[in-house]
$ cat final-v3.tsv   # TSV, C-alpha atoms
chain	number	residue	atom	x	y	z
A	734	MET	CA	22.00	-25.70	98.22
A	735	ALA	CA	18.80	-27.78	98.29
A	736	LEU	CA	17.00	-24.89	99.98
A	737	VAL	CA	17.99	-22.55	97.13
A	738	HIS	CA	16.55	-25.00	94.58
A	739	LEU	CA	13.36	-25.34	96.62
A	740	VAL	CA	12.94	-21.56	96.81
A	741	ALA	CA	13.55	-21.27	93.06
A	742	LEU	CA	11.00	-24.00	92.39
A	743	LEU	CA	8.38	-22.40	94.61
A	744	SER	CA	8.84	-19.02	92.96
A	745	VAL	CA	7.96	-20.52	89.55
A	746	LEU	CA	4.76	-22.23	90.69
A	747	VAL	CA	1.61	-20.89	89.10
A	748	ILE	CA	-0.97	-19.61	91.54
A	749	VAL	CA	-4.70	-19.98	90.95
A	750	GLY	CA	-7.25	-18.48	93.31
A	751	ALA	CA	-9.55	-15.63	94.17
A	752	ASP	CA	-6.59	-13.43	95.11
A	753	SER	CA	-5.27	-13.78	91.56
A	754	PHE	CA	-7.63	-11.03	90.38
A	755	TYR	CA	-7.69	-7.28	90.92
A	756	ASP	CA	-9.92	-4.55	89.55
A	757	ILE	CA	-8.74	-2.71	86.48
A	758	PRO	CA	-6.88	0.27	87.96
A	759	VAL	CA	-8.19	3.76	87.34
A	760	SER	CA	-5.47	5.47	85.34
A	761	GLN	CA	-4.66	9.14	85.77
A	762	ASP	CA	-4.46	11.11	82.55
A	763	PRO	CA	-1.22	13.00	81.85
A	764	LYS	CA	-1.37	16.70	82.57
A	765	PRO	CA	0.30	19.65	80.87
A	766	ARG	CA	3.45	20.91	82.61
A	767	GLU	CA	1.72	24.02	83.93
A	768	ALA	CA	-0.93	21.91	85.71
A	769	ILE	CA	1.65	20.13	87.90
A	770	SER	CA	1.74	21.33	91.49
A	771	ASP	CA	5.45	20.65	92.13
A	772	LEU	CA	7.67	19.84	89.15
A	773	ARG	CA	10.49	18.60	91.43
A	774	TYR	CA	8.41	15.47	92.18
A	775	ALA	CA	6.64	15.11	88.81
A	776	CYS	CA	7.18	12.30	86.33
A	777	THR	CA	7.07	12.33	82.54
A	778	MET	CA	7.66	9.78	79.80
A	779	ASP	CA	7.78	12.19	76.86
A	780	ASN	CA	8.23	15.72	78.27
A	781	LYS	CA	4.67	16.48	77.11
A	782	GLY	CA	2.41	14.73	79.61
A	783	TYR	CA	3.22	14.93	83.32
A	784	TYR	CA	2.11	13.06	86.43
A	785	ASN	CA	2.06	14.32	90.00
A	786	HIS	CA	3.78	12.46	92.82
A	787	GLY	CA	1.47	9.56	93.78
A	788	ASP	CA	-0.35	9.35	90.42
A	789	ILE	CA	-0.99	5.85	89.08
A	790	PHE	CA	-1.21	5.49	85.32
A	791	SER	CA	-1.03	3.09	82.40
A	792	LEU	CA	0.59	3.93	79.12
A	793	TYR	CA	-2.16	2.71	76.80
A	794	HIS	CA	-5.63	1.17	77.05
A	795	GLU	CA	-4.69	-2.30	75.75
A	796	ALA	CA	-2.24	-2.70	78.65
A	797	ARG	CA	-4.45	-1.21	81.35
A	798	CYS	CA	-3.50	-3.99	83.79
A	799	VAL	CA	0.10	-2.79	83.71
A	800	THR	CA	0.32	0.39	85.75
A	801	PHE	CA	3.02	2.71	86.97
A	802	ARG	CA	3.26	5.06	89.93
A	803	CYS	CA	5.04	8.40	90.05
A	804	GLU	CA	7.12	8.56	93.23
A	805	ALA	CA	9.20	11.68	93.84
A	806	GLY	CA	10.00	12.13	90.16
A	807	VAL	CA	10.74	8.44	89.45
A	808	ILE	CA	8.40	6.09	87.59
A	809	HIS	CA	7.97	2.67	89.23
A	810	GLU	CA	5.96	-0.35	88.06
A	811	PHE	CA	2.92	-0.59	90.31
A	812	HIS	CA	0.89	-3.53	88.94
A	813	GLN	CA	1.81	-6.11	86.33
A	814	GLY	CA	-0.96	-8.25	84.90
A	815	CYS	CA	-3.13	-9.47	82.06
A	816	LEU	CA	-6.74	-8.64	81.29
A	817	ASN	CA	-9.29	-11.42	81.75
A	818	ARG	CA	-11.76	-10.13	79.17
A	819	GLU	CA	-14.57	-12.42	80.34
A	820	LEU	CA	-14.55	-11.04	83.91
A	821	GLN	CA	-13.14	-7.59	83.04
A	822	LYS	CA	-10.60	-8.06	85.83
A	823	CYS	CA	-6.83	-8.03	85.84
A	824	VAL	CA	-4.85	-11.15	86.68
A	825	TYR	CA	-1.49	-10.79	88.39
A	826	LEU	CA	1.65	-11.81	86.53
A	827	ASN	CA	2.33	-15.59	86.89
A	828	HIS	CA	-1.22	-16.23	88.16
A	829	SER	CA	-3.80	-18.27	86.26
A	830	TRP	CA	-7.50	-18.25	85.46
A	831	ASN	CA	-9.94	-20.69	83.88
A	832	ILE	CA	-12.41	-20.22	81.05
A	833	ASP	CA	-14.52	-23.21	80.00
A	834	CYS	CA	-11.95	-25.80	81.15
A	835	HIS	CA	-9.00	-23.99	79.57
A	836	THR	CA	-6.39	-22.60	81.97
A	837	PHE	CA	-4.55	-19.41	81.05
A	838	THR	CA	-1.44	-18.08	82.79
A	839	CYS	CA	-0.45	-14.42	82.72
A	840	ILE	CA	3.07	-14.18	81.30
A	841	ARG	CA	5.43	-11.38	80.34
A	842	ARG	CA	7.47	-11.55	77.12
A	843	LEU	CA	10.33	-9.35	75.99
A	844	LYS	CA	10.20	-8.50	72.29
A	845	ASP	CA	12.16	-5.77	70.54
A	846	GLY	CA	13.06	-4.19	73.87
A	847	TYR	CA	9.45	-3.97	75.12
A	848	TYR	CA	7.48	-6.18	77.47
A	849	SER	CA	4.10	-7.53	76.49
A	850	TYR	CA	1.69	-9.21	78.89
A	851	GLU	CA	-0.58	-11.98	77.69
A	852	GLY	CA	-2.64	-14.92	78.81
A	853	LEU	CA	-0.91	-18.10	77.64
A	854	ARG	CA	-3.13	-21.14	77.39
A	855	SER	CA	-1.33	-23.53	79.75
A	856	GLN	CA	-3.86	-26.36	80.09
A	857	ILE	CA	-6.60	-27.54	77.74
A	858	ASN	CA	-9.53	-29.76	78.68
A	859	CYS	CA	-13.06	-30.34	77.38
A	860	LYS	CA	-16.21	-29.05	79.04
A	861	ASP	CA	-18.74	-31.88	79.24
A	862	PRO	CA	-22.18	-30.47	78.30
A	863	LEU	CA	-23.95	-33.24	80.24
A	864	THR	CA	-22.31	-32.68	83.64
A	865	GLN	CA	-20.77	-29.21	83.10
A	866	THR	CA	-17.42	-30.60	84.35
A	867	CYS	CA	-13.96	-30.59	82.81
A	868	LYS	CA	-12.62	-33.76	81.20
A	869	GLY	CA	-8.98	-34.44	80.37
A	870	GLU	CA	-7.56	-35.58	77.04
A	871	GLY	CA	-8.34	-39.24	76.34
A	872	GLU	CA	-10.66	-39.55	79.34
A	873	LEU	CA	-13.66	-41.84	78.69
A	874	PHE	CA	-17.02	-40.52	79.91
A	875	ARG	CA	-20.77	-40.36	79.25
A	876	SER	CA	-21.87	-37.15	77.51
A	877	LEU	CA	-23.99	-35.57	74.80
A	878	ASP	CA	-23.07	-35.83	71.14
A	879	LYS	CA	-23.32	-32.83	68.80
A	880	SER	CA	-27.00	-33.48	68.17
A	881	GLY	CA	-27.80	-33.56	71.90
A	882	HIS	CA	-28.20	-37.35	72.36
A	883	VAL	CA	-26.68	-39.09	75.38
A	884	LYS	CA	-23.74	-41.31	74.43
A	885	ASN	CA	-21.87	-43.69	76.73
A	886	ARG	CA	-18.43	-43.60	75.07
A	887	CYS	CA	-17.10	-40.08	74.68
A	888	THR	CA	-13.53	-38.79	74.89
A	889	CYS	CA	-11.84	-35.43	74.97
A	890	ARG	CA	-9.47	-34.62	72.13
A	891	ILE	CA	-7.03	-31.71	72.01
A	892	LEU	CA	-6.71	-30.21	68.53
A	893	PRO	CA	-3.55	-28.82	66.89
A	894	ASN	CA	-4.93	-25.25	67.10
A	895	ARG	CA	-4.98	-25.63	70.93
A	896	SER	CA	-8.73	-25.99	71.20
A	897	SER	CA	-10.63	-29.11	72.27
A	898	GLU	CA	-13.57	-31.22	71.17
A	899	ILE	CA	-15.62	-34.12	72.48
A	900	LEU	CA	-15.87	-37.18	70.24
A	901	CYS	CA	-18.61	-39.72	70.92
A	902	THR	CA	-19.09	-43.23	69.54
A	903	ASP	CA	-21.86	-45.71	70.39

$ encode --input "final-v3.tsv" --output "structure tokens"
Amino acid sequence: MALVHLVALLSVLVIVGADSFYDIPVSQDPKPREAISDLRYACTMDNKGYYNHGDIFSLYHEARCVTFRCEAGVIHEFHQGCLNRELQKCVYLNHSWNIDCHTFTCIRRLKDGYYSYEGLRSQINCKDPLTQTCKGEGELFRSLDKSGHVKNRCTCRILPNRSSEILCTD
């Protein structure tokens, strides 16, 4: 029983690393029925556009990190991920990436019968302009104030809108 709980816990862990990213897949465009080489193995979503066996495609540009593959007439999910707009790379589902000390995790949500994929901000920190390092909420450190002067007593504050700021006193 303990092993089952351990496996369940490990499967929920968020993974961060270089292997979290993949290139935006090249999507095949749907073809008219008459352009399909063997209709027995073709796939279609709407009986208008068809895909050959082996074609990889996405359904729309905004979700280009979610792709499908036509395999012997059956559509299978091929990749599931979120777009990291800064790097123009896809991030695998349940993997994370960092942008200026904010960590985002690629999640999938079910709404009105459809899945959406999005980067959920899962950790917020402040980027110290003096050292270019990340500082946690409430952490005391030396930094630059808004006018560019070095201050000895600065802290990171997380704001209600899920952004962060550095406050300095001295």

$ closest_residue --input "final-v3.tsv" --among "A:Phe811, A:Phe837, A:Trp830, A:Tyr850" --to "A:Ser753" --atoms "all atoms listed in the file"
A:Trp830

$ closest_residue --input "final-v3.tsv" --among "A:Cys834, A:Glu819, A:Asn785, A:Lys868" --to "A:Cys803" --atoms "only C-alpha atoms"
A:Asn785

$ residues_around --input "final-v3.tsv" --residues "A:Arg802" --least-positions-apart "5" --cutoff "8 Å" --atoms "only C-alpha atoms" --output "compact mmCIF listing (two decimals) with C-alpha atoms, in the frame of the given file"
# COMPACT_ATOMS: atom_id res chain seq x y z
CA HIS A 786 3.78 12.46 92.82
CA GLY A 787 1.47 9.56 93.78
CA ASP A 788 -0.35 9.35 90.42
CA ILE A 789 -0.99 5.85 89.08
CA PHE A 790 -1.21 5.49 85.32
CA ILE A 808 8.40 6.09 87.59
CA HIS A 809 7.97 2.67 89.23
CA GLU A 810 5.96 -0.35 88.06
CA PHE A 811 2.92 -0.59 90.31

$ atom_distance --input "final-v3.tsv" --atom1 "atom CA of A:Asp752" --atom2 "atom CA of A:Glu851"
18.5 Å

$ atom_distance --input "final-v3.tsv" --atom1 "atom CA of A:Pro763" --atom2 "atom CA of A:Ser849"
21.9 Å

$ axis_aligned_box --input "final-v3.tsv" --around "stretch 781-786 of chain A" --padding-each-side "5 Å" --output "AutoDock Vina command-line options"
--center_x 3.4 --center_y 14.5 --center_z 85.0 --size_x 12.6 --size_y 14.0 --size_z 25.7

$ residues_around --input "final-v3.tsv" --residues "stretch 886-896 of chain A" --least-positions-apart "2" --cutoff "6 Å" --atoms "only C-alpha atoms" --output "ChimeraX atom specification"
/A:859,870-875,884,898-902

$ residues_around --input "final-v3.tsv" --residues "A:Asn817" --least-positions-apart "4" --cutoff "10 Å" --atoms "all atoms listed in the file" --output "list in words"
Phe754, Ile757, Cys798, Gln821, Lys822, Cys823, Val824, Ser829, Trp830, Asn831, Ile832, Phe837, Cys839, Glu851 and Gly852 of chain A

$ residues_around --input "final-v3.tsv" --residues "A:Ala768" --least-positions-apart "6" --cutoff "12 Å" --atoms "all atoms listed in the file" --output "list in words"
Asp762, Ala775, Lys781, Gly782, Tyr783, Tyr784 and Asn785 of chain A

$ closest_residue --input "final-v3.tsv" --among "A:Asp779, A:Gln813, A:His882, A:Asp845" --to "A:Leu863" --atoms "only C-alpha atoms"
A:His882

$ closest_residue --input "final-v3.tsv" --among "A:Leu772, A:His794, A:Gly814, A:Arg766" --to "A:Tyr848" --atoms "only C-alpha atoms"
A:Gly814
